[in-house]
$ cat data_20.cif   # mmCIF, C-alpha atoms and all ligand atoms
data_upload
#
loop_
_atom_site.group_PDB
_atom_site.id
_atom_site.type_symbol
_atom_site.label_atom_id
_atom_site.label_comp_id
_atom_site.auth_asym_id
_atom_site.auth_seq_id
_atom_site.Cartn_x
_atom_site.Cartn_y
_atom_site.Cartn_z
ATOM 1 C CA MET A 12 16.153 -2.520 -18.153
ATOM 2 C CA GLY A 13 18.633 -1.229 -15.639
ATOM 3 C CA VAL A 14 21.850 -2.957 -14.684
ATOM 4 C CA SER A 15 23.250 -3.256 -11.205
ATOM 5 C CA SER A 16 25.649 -5.923 -10.017
ATOM 6 C CA GLN A 17 25.198 -7.696 -13.383
ATOM 7 C CA SER A 18 21.435 -8.154 -12.888
ATOM 8 C CA ARG A 19 18.682 -7.067 -15.213
ATOM 9 C CA HIS A 20 15.713 -5.275 -13.722
ATOM 10 C CA LEU A 21 12.260 -4.096 -14.727
ATOM 11 C CA LEU A 22 12.197 -0.579 -13.287
ATOM 12 C CA ASP A 23 10.224 1.427 -15.856
ATOM 13 C CA ILE A 24 9.078 1.443 -19.479
ATOM 14 C CA ARG A 25 11.655 3.962 -20.739
ATOM 15 C CA SER A 26 14.599 1.641 -20.072
ATOM 16 C CA LEU A 27 13.110 -1.164 -22.183
ATOM 17 C CA SER A 28 14.317 -1.497 -25.771
ATOM 18 C CA GLN A 29 11.739 -1.759 -28.555
ATOM 19 C CA ASP A 30 12.718 -5.445 -28.950
ATOM 20 C CA ASP A 31 12.126 -6.037 -25.220
ATOM 21 C CA LEU A 32 8.665 -4.444 -25.488
ATOM 22 C CA VAL A 33 7.691 -6.471 -28.520
ATOM 23 C CA PHE A 34 8.992 -9.664 -26.899
ATOM 24 C CA LEU A 35 7.200 -9.080 -23.578
ATOM 25 C CA LEU A 36 3.864 -8.277 -25.244
ATOM 26 C CA SER A 37 3.958 -11.178 -27.662
ATOM 27 C CA ARG A 38 5.099 -13.615 -24.961
ATOM 28 C CA SER A 39 2.197 -12.468 -22.713
ATOM 29 C CA SER A 40 -0.240 -13.280 -25.513
ATOM 30 C CA GLU A 41 1.387 -16.619 -26.284
ATOM 31 C CA LEU A 42 1.119 -17.623 -22.632
ATOM 32 C CA ALA A 43 -2.531 -16.496 -22.574
ATOM 33 C CA ARG A 44 -3.136 -18.743 -25.609
ATOM 34 C CA GLY A 45 -1.767 -21.722 -23.671
ATOM 35 C CA SER A 46 1.914 -21.839 -24.658
ATOM 36 C CA SER A 47 3.967 -23.889 -22.165
ATOM 37 C CA PRO A 48 5.802 -21.740 -19.655
ATOM 38 C CA GLU A 49 9.490 -22.142 -18.909
ATOM 39 C CA HIS A 50 10.434 -23.866 -15.669
ATOM 40 C CA LEU A 51 12.282 -21.508 -13.326
ATOM 41 C CA ASP A 52 14.105 -23.100 -10.450
ATOM 42 C CA ARG A 53 14.316 -19.748 -8.700
ATOM 43 C CA CYS A 54 13.098 -17.918 -5.628
ATOM 44 C CA VAL A 55 11.011 -14.731 -5.783
ATOM 45 C CA ALA A 56 10.168 -12.446 -2.852
ATOM 46 C CA ASN A 57 7.176 -10.116 -2.897
ATOM 47 C CA LEU A 58 7.948 -7.062 -0.798
ATOM 48 C CA PHE A 59 4.941 -4.738 -0.689
ATOM 49 C CA PHE A 60 5.081 -1.551 1.389
ATOM 50 C CA GLU A 61 1.611 -0.519 0.169
ATOM 51 C CA PRO A 62 -1.671 -2.425 0.063
ATOM 52 C CA SER A 63 -2.301 -4.502 -3.055
ATOM 53 C CA THR A 64 -4.610 -7.294 -4.127
ATOM 54 C CA ARG A 65 -4.277 -7.938 -7.849
ATOM 55 C CA THR A 66 -0.655 -6.933 -8.368
ATOM 56 C CA ARG A 67 0.704 -8.928 -5.437
ATOM 57 C CA VAL A 68 -1.410 -12.005 -6.079
ATOM 58 C CA SER A 69 -0.724 -12.023 -9.820
ATOM 59 C CA PHE A 70 3.044 -11.804 -9.277
ATOM 60 C CA GLU A 71 2.715 -14.713 -6.860
ATOM 61 C CA LEU A 72 0.593 -16.830 -9.209
ATOM 62 C CA ALA A 73 2.875 -16.008 -12.144
ATOM 63 C CA ALA A 74 5.960 -17.153 -10.216
ATOM 64 C CA ARG A 75 4.228 -20.348 -9.039
ATOM 65 C CA ARG A 76 3.063 -21.229 -12.548
ATOM 66 C CA LEU A 77 6.711 -21.095 -13.620
ATOM 67 C CA GLY A 78 7.668 -23.440 -10.795
ATOM 68 C CA ALA A 79 9.443 -20.761 -8.760
ATOM 69 C CA GLU A 80 9.381 -20.570 -4.977
ATOM 70 C CA VAL A 81 7.571 -17.494 -3.613
ATOM 71 C CA ILE A 82 7.939 -15.657 -0.345
ATOM 72 C CA ASN A 83 5.487 -12.943 0.645
ATOM 73 C CA ILE A 84 6.862 -10.469 3.110
ATOM 74 C CA GLU A 85 4.302 -8.768 5.262
ATOM 75 C CA LEU A 86 5.570 -5.373 6.206
ATOM 76 C CA ALA A 87 4.048 -5.393 9.674
ATOM 77 C CA ARG A 88 5.831 -8.679 10.506
ATOM 78 C CA SER A 89 9.177 -7.862 8.882
ATOM 79 C CA SER A 90 12.190 -6.124 10.364
ATOM 80 C CA ALA A 91 11.382 -3.050 8.274
ATOM 81 C CA SER A 92 8.919 -2.289 11.091
ATOM 82 C CA LYS A 93 11.919 -2.329 13.495
ATOM 83 C CA GLY A 94 13.742 0.326 11.520
ATOM 84 C CA GLU A 95 15.766 -1.803 9.100
ATOM 85 C CA SER A 96 16.594 0.013 5.857
ATOM 86 C CA LEU A 97 15.234 -1.243 2.559
ATOM 87 C CA LEU A 98 18.799 -1.903 1.393
ATOM 88 C CA ASP A 99 19.503 -4.088 4.440
ATOM 89 C CA THR A 100 16.197 -5.955 4.033
ATOM 90 C CA ALA A 101 17.052 -6.592 0.364
ATOM 91 C CA ALA A 102 20.609 -7.727 1.174
ATOM 92 C CA THR A 103 19.252 -10.086 3.852
ATOM 93 C CA LEU A 104 16.846 -11.706 1.393
ATOM 94 C CA VAL A 105 19.566 -12.041 -1.256
ATOM 95 C CA ALA A 106 21.885 -13.694 1.286
ATOM 96 C CA MET A 107 19.191 -16.335 1.818
ATOM 97 C CA GLY A 108 19.084 -17.114 -1.892
ATOM 98 C CA VAL A 109 16.271 -14.898 -3.189
ATOM 99 C CA ASP A 110 16.811 -14.319 -6.946
ATOM 100 C CA ALA A 111 14.203 -11.613 -7.566
ATOM 101 C CA LEU A 112 12.533 -8.937 -5.480
ATOM 102 C CA VAL A 113 9.119 -7.630 -6.521
ATOM 103 C CA LEU A 114 8.886 -4.301 -4.783
ATOM 104 C CA ARG A 115 6.034 -1.861 -4.236
ATOM 105 C CA HIS A 116 6.888 1.308 -2.367
ATOM 106 C CA PRO A 117 5.042 4.561 -1.546
ATOM 107 C CA ASP A 118 8.079 6.741 -2.363
ATOM 108 C CA THR A 119 8.616 7.802 -5.962
ATOM 109 C CA GLY A 120 12.035 6.632 -7.211
ATOM 110 C CA GLU A 121 12.681 4.241 -4.293
ATOM 111 C CA VAL A 122 12.978 1.138 -6.498
ATOM 112 C CA HIS A 123 15.480 2.932 -8.781
ATOM 113 C CA ARG A 124 17.465 4.058 -5.719
ATOM 114 C CA LEU A 125 17.610 0.497 -4.450
ATOM 115 C CA ALA A 126 18.757 -0.742 -7.885
ATOM 116 C CA SER A 127 21.730 1.614 -7.849
ATOM 117 C CA ALA A 128 22.624 0.931 -4.205
ATOM 118 C CA LEU A 129 22.511 -2.888 -4.326
ATOM 119 C CA LEU A 130 25.876 -4.540 -3.980
ATOM 120 C CA ARG A 131 24.719 -8.083 -4.641
ATOM 121 C CA PRO A 132 23.201 -9.491 -7.824
ATOM 122 C CA VAL A 133 19.425 -9.698 -7.592
ATOM 123 C CA VAL A 134 16.685 -8.941 -10.085
ATOM 124 C CA LEU A 135 14.396 -6.050 -9.145
ATOM 125 C CA ILE A 136 10.869 -5.635 -10.430
ATOM 126 C CA ASN A 137 9.096 -2.368 -9.813
ATOM 127 C CA ALA A 138 5.508 -3.202 -8.821
ATOM 128 C CA GLY A 139 4.677 0.505 -8.404
ATOM 129 C CA ASP A 140 6.671 3.320 -6.759
ATOM 130 C CA GLY A 141 4.782 6.365 -5.477
ATOM 131 C CA GLN A 142 3.746 8.510 -8.423
ATOM 132 C CA GLY A 143 6.588 7.132 -10.530
ATOM 133 C CA ASP A 144 6.297 3.971 -12.602
ATOM 134 C CA HIS A 145 4.253 0.800 -12.800
ATOM 135 C CA PRO A 146 5.742 -0.991 -15.813
ATOM 136 C CA SER A 147 4.112 -4.417 -15.403
ATOM 137 C CA GLN A 148 0.666 -2.767 -15.245
ATOM 138 C CA ALA A 149 1.374 -0.922 -18.505
ATOM 139 C CA LEU A 150 2.529 -4.178 -20.135
ATOM 140 C CA LEU A 151 -0.641 -5.992 -19.115
ATOM 141 C CA ASP A 152 -2.831 -3.080 -20.230
ATOM 142 C CA ALA A 153 -1.145 -2.956 -23.642
ATOM 143 C CA ALA A 154 -1.344 -6.747 -24.006
ATOM 144 C CA THR A 155 -5.065 -6.607 -23.159
ATOM 145 C CA LEU A 156 -5.714 -3.873 -25.737
ATOM 146 C CA GLN A 157 -3.641 -5.637 -28.368
ATOM 147 C CA ARG A 158 -5.510 -8.912 -27.836
ATOM 148 C CA SER A 159 -8.832 -7.056 -28.159
ATOM 149 C CA GLY A 160 -7.813 -6.163 -31.728
ATOM 150 C CA LEU A 161 -6.832 -2.524 -31.154
ATOM 151 C CA ASP A 162 -4.809 -1.054 -34.033
ATOM 152 C CA TRP A 163 -2.302 1.253 -32.299
ATOM 153 C CA SER A 164 -1.601 3.575 -35.225
ATOM 154 C CA SER A 165 -5.239 4.574 -35.681
ATOM 155 C CA ALA A 166 -6.260 4.355 -32.011
ATOM 156 C CA THR A 167 -7.535 7.177 -29.832
ATOM 157 C CA VAL A 168 -7.142 6.242 -26.170
ATOM 158 C CA ALA A 169 -8.684 8.362 -23.394
ATOM 159 C CA ILE A 170 -7.227 8.319 -19.866
ATOM 160 C CA VAL A 171 -9.546 9.926 -17.339
ATOM 161 C CA GLY A 172 -9.428 10.852 -13.652
ATOM 162 C CA ASP A 173 -6.601 11.409 -11.192
ATOM 163 C CA ILE A 174 -3.725 11.364 -13.665
ATOM 164 C CA ARG A 175 -1.408 13.484 -11.498
ATOM 165 C CA HIS A 176 -0.970 10.822 -8.823
ATOM 166 C CA SER A 177 -1.109 7.837 -11.169
ATOM 167 C CA ARG A 178 1.983 5.770 -11.922
ATOM 168 C CA VAL A 179 -0.309 3.638 -14.108
ATOM 169 C CA ALA A 180 -1.104 6.640 -16.326
ATOM 170 C CA ARG A 181 2.589 7.610 -16.588
ATOM 171 C CA SER A 182 3.748 4.136 -17.578
ATOM 172 C CA ASN A 183 0.840 3.679 -19.979
ATOM 173 C CA ILE A 184 1.409 7.021 -21.703
ATOM 174 C CA GLU A 185 5.059 6.036 -22.265
ATOM 175 C CA LEU A 186 4.241 2.552 -23.475
ATOM 176 C CA PHE A 187 1.304 3.453 -25.756
ATOM 177 C CA THR A 188 3.429 6.232 -27.302
ATOM 178 C CA ARG A 189 6.285 3.781 -27.924
ATOM 179 C CA LEU A 190 3.773 1.416 -29.571
ATOM 180 C CA GLY A 191 2.773 4.188 -31.995
ATOM 181 C CA VAL A 192 -0.676 5.104 -30.613
ATOM 182 C CA GLY A 193 -2.617 7.549 -32.825
ATOM 183 C CA CYS A 194 -3.603 9.863 -29.965
ATOM 184 C CA ILE A 195 -3.947 9.871 -26.176
ATOM 185 C CA ARG A 196 -6.432 12.264 -24.589
ATOM 186 C CA LEU A 197 -6.047 13.107 -20.920
ATOM 187 C CA ALA A 198 -8.920 14.507 -18.865
ATOM 188 C CA GLY A 199 -9.630 15.071 -15.192
ATOM 189 C CA PRO A 200 -10.524 17.763 -12.666
ATOM 190 C CA PRO A 201 -8.408 20.946 -12.598
ATOM 191 C CA GLY A 202 -5.025 20.187 -11.069
ATOM 192 C CA PHE A 203 -5.304 16.468 -11.770
ATOM 193 C CA VAL A 204 -3.818 16.527 -15.300
ATOM 194 C CA PRO A 205 -0.199 17.785 -15.361
ATOM 195 C CA ALA A 206 0.774 19.875 -18.384
ATOM 196 C CA GLU A 207 4.190 18.182 -18.637
ATOM 197 C CA LEU A 208 2.544 14.976 -19.834
ATOM 198 C CA GLU A 209 1.493 16.667 -23.092
ATOM 199 C CA SER A 210 3.436 15.785 -26.243
ATOM 200 C CA GLU A 211 2.947 15.449 -29.980
ATOM 201 C CA ARG A 212 0.564 12.511 -29.443
ATOM 202 C CA VAL A 213 -0.766 13.369 -25.985
ATOM 203 C CA GLU A 214 -3.315 16.144 -25.507
ATOM 204 C CA ARG A 215 -5.226 17.463 -22.532
ATOM 205 C CA VAL A 216 -8.967 17.987 -22.972
ATOM 206 C CA ALA A 217 -11.437 19.691 -20.658
ATOM 207 C CA SER A 218 -14.169 17.113 -20.115
ATOM 208 C CA LEU A 219 -14.964 13.401 -20.060
ATOM 209 C CA GLU A 220 -17.245 13.982 -23.063
ATOM 210 C CA GLN A 221 -14.394 15.484 -25.119
ATOM 211 C CA ALA A 222 -12.032 12.711 -24.069
ATOM 212 C CA ILE A 223 -14.357 9.922 -25.062
ATOM 213 C CA ASP A 224 -15.701 11.387 -28.309
ATOM 214 C CA GLY A 225 -14.839 8.790 -31.004
ATOM 215 C CA ALA A 226 -12.401 6.965 -28.673
ATOM 216 C CA ASP A 227 -11.345 3.351 -29.288
ATOM 217 C CA ALA A 228 -10.484 2.783 -25.629
ATOM 218 C CA VAL A 229 -11.000 4.586 -22.350
ATOM 219 C CA MET A 230 -9.072 3.979 -19.146
ATOM 220 C CA MET A 231 -10.624 5.257 -15.927
ATOM 221 C CA LEU A 232 -8.443 5.900 -12.858
ATOM 222 C CA ARG A 233 -9.012 5.847 -9.123
ATOM 223 C CA ILE A 234 -8.620 9.005 -7.067
ATOM 224 C CA GLN A 235 -5.447 8.289 -5.125
ATOM 225 C CA HIS A 236 -6.312 9.805 -1.748
ATOM 226 C CA GLU A 237 -3.206 8.302 -0.184
ATOM 227 C CA ARG A 238 -0.982 10.474 -2.375
ATOM 228 C CA MET A 239 -2.694 13.825 -1.928
ATOM 229 C CA ASP A 240 -3.475 16.547 0.486
ATOM 230 C CA GLN A 241 -7.121 15.852 1.410
ATOM 231 C CA SER A 242 -7.940 19.555 1.196
ATOM 232 C CA VAL A 243 -7.594 19.425 -2.600
ATOM 233 C CA TRP A 244 -9.777 16.342 -2.843
ATOM 234 C CA PRO A 245 -12.925 17.204 -4.755
ATOM 235 C CA ASP A 246 -16.353 16.633 -3.293
ATOM 236 C CA ARG A 247 -17.457 13.042 -3.997
ATOM 237 C CA SER A 248 -20.835 13.769 -5.594
ATOM 238 C CA ALA A 249 -19.471 16.684 -7.653
ATOM 239 C CA TYR A 250 -16.695 14.413 -8.897
ATOM 240 C CA ALA A 251 -19.122 11.633 -9.814
ATOM 241 C CA ARG A 252 -21.370 14.062 -11.724
ATOM 242 C CA GLU A 253 -18.523 15.190 -13.931
ATOM 243 C CA TRP A 254 -16.135 12.258 -14.133
ATOM 244 C CA CYS A 255 -18.026 8.996 -13.584
ATOM 245 C CA LEU A 256 -18.130 6.949 -16.811
ATOM 246 C CA THR A 257 -21.753 6.050 -17.616
ATOM 247 C CA PRO A 258 -23.464 4.191 -20.480
ATOM 248 C CA ALA A 259 -24.486 7.612 -21.899
ATOM 249 C CA HIS A 260 -20.814 8.606 -22.251
ATOM 250 C CA LEU A 261 -20.072 5.369 -24.081
ATOM 251 C CA GLU A 262 -22.617 6.385 -26.728
ATOM 252 C CA LEU A 263 -20.138 9.090 -27.759
ATOM 253 C CA ALA A 264 -17.291 6.614 -28.235
ATOM 254 C CA ARG A 265 -16.720 4.209 -31.107
ATOM 255 C CA PRO A 266 -19.157 1.274 -30.975
ATOM 256 C CA ASP A 267 -16.370 -1.143 -30.053
ATOM 257 C CA CYS A 268 -14.759 1.157 -27.463
ATOM 258 C CA ARG A 269 -12.967 -0.875 -24.784
ATOM 259 C CA VAL A 270 -13.256 0.145 -21.130
ATOM 260 C CA LEU A 271 -10.254 -0.345 -18.834
ATOM 261 C CA HIS A 272 -9.487 0.371 -15.199
ATOM 262 C CA PRO A 273 -6.375 -0.852 -13.361
ATOM 263 C CA GLY A 274 -8.430 -1.403 -10.207
ATOM 264 C CA PRO A 275 -9.308 -1.183 -7.453
ATOM 265 C CA ILE A 276 -12.517 0.393 -8.756
ATOM 266 C CA ASN A 277 -14.839 2.646 -6.826
ATOM 267 C CA ARG A 278 -18.240 1.983 -8.296
ATOM 268 C CA GLU A 279 -20.538 4.934 -9.036
ATOM 269 C CA LEU A 280 -17.640 7.319 -8.359
ATOM 270 C CA GLU A 281 -15.213 6.702 -11.247
ATOM 271 C CA ILE A 282 -17.262 4.161 -13.126
ATOM 272 C CA ASP A 283 -20.934 3.251 -13.260
ATOM 273 C CA SER A 284 -21.630 -0.429 -12.483
ATOM 274 C CA ALA A 285 -23.497 -0.794 -15.785
ATOM 275 C CA VAL A 286 -20.219 0.085 -17.562
ATOM 276 C CA ALA A 287 -17.862 -1.795 -15.238
ATOM 277 C CA ASP A 288 -19.904 -4.997 -15.642
ATOM 278 C CA GLY A 289 -21.012 -4.259 -19.212
ATOM 279 C CA PRO A 290 -20.045 -5.864 -22.516
ATOM 280 C CA ARG A 291 -17.278 -3.389 -23.311
ATOM 281 C CA SER A 292 -15.491 -3.734 -19.999
ATOM 282 C CA LEU A 293 -12.071 -5.398 -20.141
ATOM 283 C CA ILE A 294 -11.451 -4.874 -16.420
ATOM 284 C CA LEU A 295 -11.391 -8.572 -15.504
ATOM 285 C CA GLU A 296 -9.521 -9.396 -18.716
ATOM 286 C CA GLN A 297 -6.816 -6.962 -17.500
ATOM 287 C CA VAL A 298 -6.651 -8.910 -14.252
ATOM 288 C CA ARG A 299 -6.431 -12.232 -16.152
ATOM 289 C CA MET A 300 -3.723 -10.897 -18.477
ATOM 290 C CA GLY A 301 -1.821 -9.610 -15.455
ATOM 291 C CA VAL A 302 -0.786 -13.158 -14.575
ATOM 292 C CA PHE A 303 0.469 -13.922 -18.121
ATOM 293 C CA SER A 304 2.296 -10.596 -18.486
ATOM 294 C CA ARG A 305 4.074 -11.164 -15.171
ATOM 295 C CA MET A 306 4.990 -14.703 -16.228
ATOM 296 C CA ALA A 307 6.540 -13.183 -19.368
ATOM 297 C CA VAL A 308 8.454 -10.697 -17.178
ATOM 298 C CA PHE A 309 9.830 -13.471 -14.946
ATOM 299 C CA GLU A 310 10.850 -15.588 -17.955
ATOM 300 C CA TRP A 311 12.574 -12.577 -19.501
ATOM 301 C CA LEU A 312 14.451 -11.665 -16.311
ATOM 302 C CA LEU A 313 15.142 -15.073 -14.782
ATOM 303 C CA GLY A 314 14.871 -17.617 -17.603
HETATM 304 C C1 LIG B 1 -2.891 0.805 -9.315
HETATM 305 C C2 LIG B 1 -1.670 1.127 -8.483
HETATM 306 O O1 LIG B 1 -1.479 0.553 -7.415
HETATM 307 O O2 LIG B 1 -0.950 1.955 -8.950
HETATM 308 N N1 LIG B 1 -3.483 -0.445 -9.142
HETATM 309 C C3 LIG B 1 -2.880 -1.582 -9.565
HETATM 310 O O3 LIG B 1 -1.685 -1.756 -9.474
HETATM 311 N N2 LIG B 1 -3.691 -2.511 -10.115
HETATM 312 C C4 LIG B 1 -3.864 1.911 -9.339
HETATM 313 C C5 LIG B 1 -4.513 2.352 -8.064
HETATM 314 O O4 LIG B 1 -4.119 1.973 -6.969
HETATM 315 O O5 LIG B 1 -5.474 3.101 -8.182
#
$ encode --input "data_20.cif" --output "structure tokens" --more "lines below"
Ligand code: NCD
Amino acid sequence: MGVSSQSRHLLDIRSLSQDDLVFLLSRSSELARGSSPEHLDRCVANLFFEPSTRTRVSFELAARRLGAEVINIELARSSASKGESLLDTAATLVAMGVDALVLRHPDTGEVHRLASALLRPVVLINAGDGQGDHPSQALLDAATLQRSGLDWSSATVAIVGDIRHSRVARSNIELFTRLGVGCIRLAGPPGFVPAELESERVERVASLEQAIDGADAVMMLRIQHERMDQSVWPDRSAYAREWCLTPAHLELARPDCRVLHPGPINRELEIDSAVADGPRSLILEQVRMGVFSRMAVFEWLLG
């Protein structure tokens, strides 16, 4: 939680207190079990400077289910395409009575920069900034795992693929560590797993097989072409041979191993269809929980 002009924000996981985390996760589950949502007589604007399906739509549905008004700003039709700064766009929306801005931006740190530059009170929610943070995705992933019965203290969670460019991986590593995860194993092609992510509970391993051996959960990641120099992009079939999660890999994991992916998925590249659509996949449950977790975020920030 950051503070600017007396407003609370959701910028990243590290600024949340342990009480905030516990509240947000338990409220997500309560809402998923059918608890009545608060009524928010507020106005939310979705401002997405990158493509998005599930994140944008779930923020919109979450706001609507709480009775809030929602405005979706299409970049191509907004004044940002005429050279207006993000700060001026935000100030314009606030002047019209917008209470919260849900912002996705390709530049790492841009949502934090806006939070410190804002002169008017408005709630900011980081819906993904460059390679930085994606806190609401981490909250929905943790809520999904928790609801599946995962015991954090004994859990081994594997995160596999393009970790370097993934804000989802960064936010999840922070959140799972704060929740007391037993161990996180990171694996991906050379250059895709930064050493600085290692810690007491986070280790880098060399292969998908090592990552998944005895794991309670595995999260596969998309290769984020848009954030990398295409010359370092590995050959598609070589990548699939080494890093695509197949039913044979799942044999190495614990029998109840959960399979996650933040989406969008690239079938037969990161994940075999038999796994993505199989009994251990929680991919659509993540999407479902995304609406409840974002409702919990709105209640917490605007209620
Ligand atoms: C992720 C994102 O945008 O960071 N997707 C999402 O929010 N559901 C991951 C990705 O784009 O690969």
$ axis_aligned_box --input "data_20.cif" --around "ligand LIG 1 (chain B)" --padding-each-side "3 Å" --output "lines of an AutoDock Vina configuration file"
center_x = -3.2
center_y = 0.3
center_z = -8.5
size_x = 10.5
size_y = 11.6
size_z = 9.1
$ residues_around --input "data_20.cif" --residues "Val298 (chain A)" --least-positions-apart "5" --cutoff "10 Å" --atoms "all atoms listed in the file" --output "list of chain:residue names"
A:Arg65, A:Thr66, A:Ser69, A:Gln148, A:Leu151, A:Asp152, A:Thr155, A:His272, A:Pro273, A:Gly274, A:Leu293, A:Phe303
$ closest_residue --input "data_20.cif" --among "A:Leu72, A:Ala249, A:Met230, A:Ala169" --to "ligand LIG 1 (chain B)" --atoms "only C-alpha atoms and all ligand atoms"
A:Met230
$ residues_near_ligand --input "data_20.cif" --ligand "ligand LIG 1 (chain B)" --cutoff "8 Å" --atoms "all atoms listed in the file" --output "PyMOL selection string"
chain A and resi 63-66+138-139+145+148+177-179+232-235+273-276
$ atom_distance --input "data_20.cif" --atom1 "CA of Thr167 (chain A)" --atom2 "CA of Pro146 (chain A)"
21.0 Å
$ resolve_selection --input "data_20.cif" --expression "the PyMOL selection byres (((chain A and resi 264-268) around 6) and not hetatm)" --output "MDAnalysis selection string"
chainID A and resid 223:228 261:263 269
$ resolve_selection --input "data_20.cif" --expression "the PyMOL selection byres (((chain A and resi 287) around 9) and not hetatm)" --output "ChimeraX atom specification"
/A:256,270-272,276,278,282-286,288-294
$ residues_around --input "data_20.cif" --residues "Gly191 (chain A)" --least-positions-apart "5" --cutoff "12 Å" --atoms "only C-alpha atoms" --output "number ranges by chain"
A: 29, 153, 161-168, 184-186, 211-213
$ atom_distance --input "data_20.cif" --atom1 "CA of Ala180 (chain A)" --atom2 "CA of Leu42 (chain A)"
25.2 Å
$ resolve_selection --input "data_20.cif" --expression "the PyMOL selection byres (((chain A and resi 52-55) around 9) and not hetatm)" --output "list in words"
His50, Leu51, Ala56, Asn57, Glu71, Ala74, Leu77, Gly78, Ala79, Glu80, Val81, Ile82, Asn83, Gly108, Val109, Asp110, Ala111, Leu112, Val113 and Leu313 of chain A
$ atom_distance --input "data_20.cif" --atom1 "CA of Gly141 (chain A)" --atom2 "CA of Ser37 (chain A)"
28.3 Å
$ residues_around --input "data_20.cif" --residues "region 218-221 of chain A" --least-positions-apart "4" --cutoff "8 Å" --atoms "all atoms listed in the file" --output "list in words"
Val171, Ala198, Gly199, Glu253, Trp254, Leu256, His260 and Leu263 of chain A
$ closest_residue --input "data_20.cif" --among "A:Ala43, A:Leu156, A:Ile174, A:Val134" --to "Ala307 (chain A)" --atoms "only C-alpha atoms"
A:Ala43
$ closest_residue --input "data_20.cif" --among "A:Ala149, A:Met231, A:Phe309, A:Ser210" --to "Leu32 (chain A)" --atoms "only C-alpha atoms"
A:Ala149
$ closest_residue --input "data_20.cif" --among "A:Ala251, A:Ala128, A:Leu21, A:Ala102" --to "Leu114 (chain A)" --atoms "all atoms listed in the file"
A:Leu21
$ closest_residue --input "data_20.cif" --among "A:Arg189, A:Met239, A:Gly172, A:Leu97" --to "Arg215 (chain A)" --atoms "all atoms listed in the file"
A:Gly172
$ closest_residue --input "data_20.cif" --among "A:Arg76, A:Gly143, A:Glu279, A:Glu49" --to "Ser182 (chain A)" --atoms "all atoms listed in the file"
A:Gly143
$ residues_around --input "data_20.cif" --residues "region 86-91 of chain A" --least-positions-apart "2" --cutoff "12 Å" --atoms "all atoms listed in the file" --output "PDB file with C-alpha atoms, in the coordinates of the input"
ATOM      1  CA  ASN A  57       7.176 -10.116  -2.897  1.00  0.00           C
ATOM      2  CA  LEU A  58       7.948  -7.062  -0.798  1.00  0.00           C
ATOM      3  CA  PHE A  59       4.941  -4.738  -0.689  1.00  0.00           C
ATOM      4  CA  PHE A  60       5.081  -1.551   1.389  1.00  0.00           C
ATOM      5  CA  GLU A  61       1.611  -0.519   0.169  1.00  0.00           C
ATOM      6  CA  PRO A  62      -1.671  -2.425   0.063  1.00  0.00           C
ATOM      7  CA  ASN A  83       5.487 -12.943   0.645  1.00  0.00           C
ATOM      8  CA  ILE A  84       6.862 -10.469   3.110  1.00  0.00           C
ATOM      9  CA  LYS A  93      11.919  -2.329  13.495  1.00  0.00           C
ATOM     10  CA  GLY A  94      13.742   0.326  11.520  1.00  0.00           C
ATOM     11  CA  GLU A  95      15.766  -1.803   9.100  1.00  0.00           C
ATOM     12  CA  SER A  96      16.594   0.013   5.857  1.00  0.00           C
ATOM     13  CA  LEU A  97      15.234  -1.243   2.559  1.00  0.00           C
ATOM     14  CA  LEU A  98      18.799  -1.903   1.393  1.00  0.00           C
ATOM     15  CA  ASP A  99      19.503  -4.088   4.440  1.00  0.00           C
ATOM     16  CA  THR A 100      16.197  -5.955   4.033  1.00  0.00           C
ATOM     17  CA  ALA A 101      17.052  -6.592   0.364  1.00  0.00           C
ATOM     18  CA  THR A 103      19.252 -10.086   3.852  1.00  0.00           C
ATOM     19  CA  LEU A 104      16.846 -11.706   1.393  1.00  0.00           C
ATOM     20  CA  LEU A 114       8.886  -4.301  -4.783  1.00  0.00           C
ATOM     21  CA  ARG A 115       6.034  -1.861  -4.236  1.00  0.00           C
ATOM     22  CA  HIS A 116       6.888   1.308  -2.367  1.00  0.00           C
TER      23      HIS A 116
END
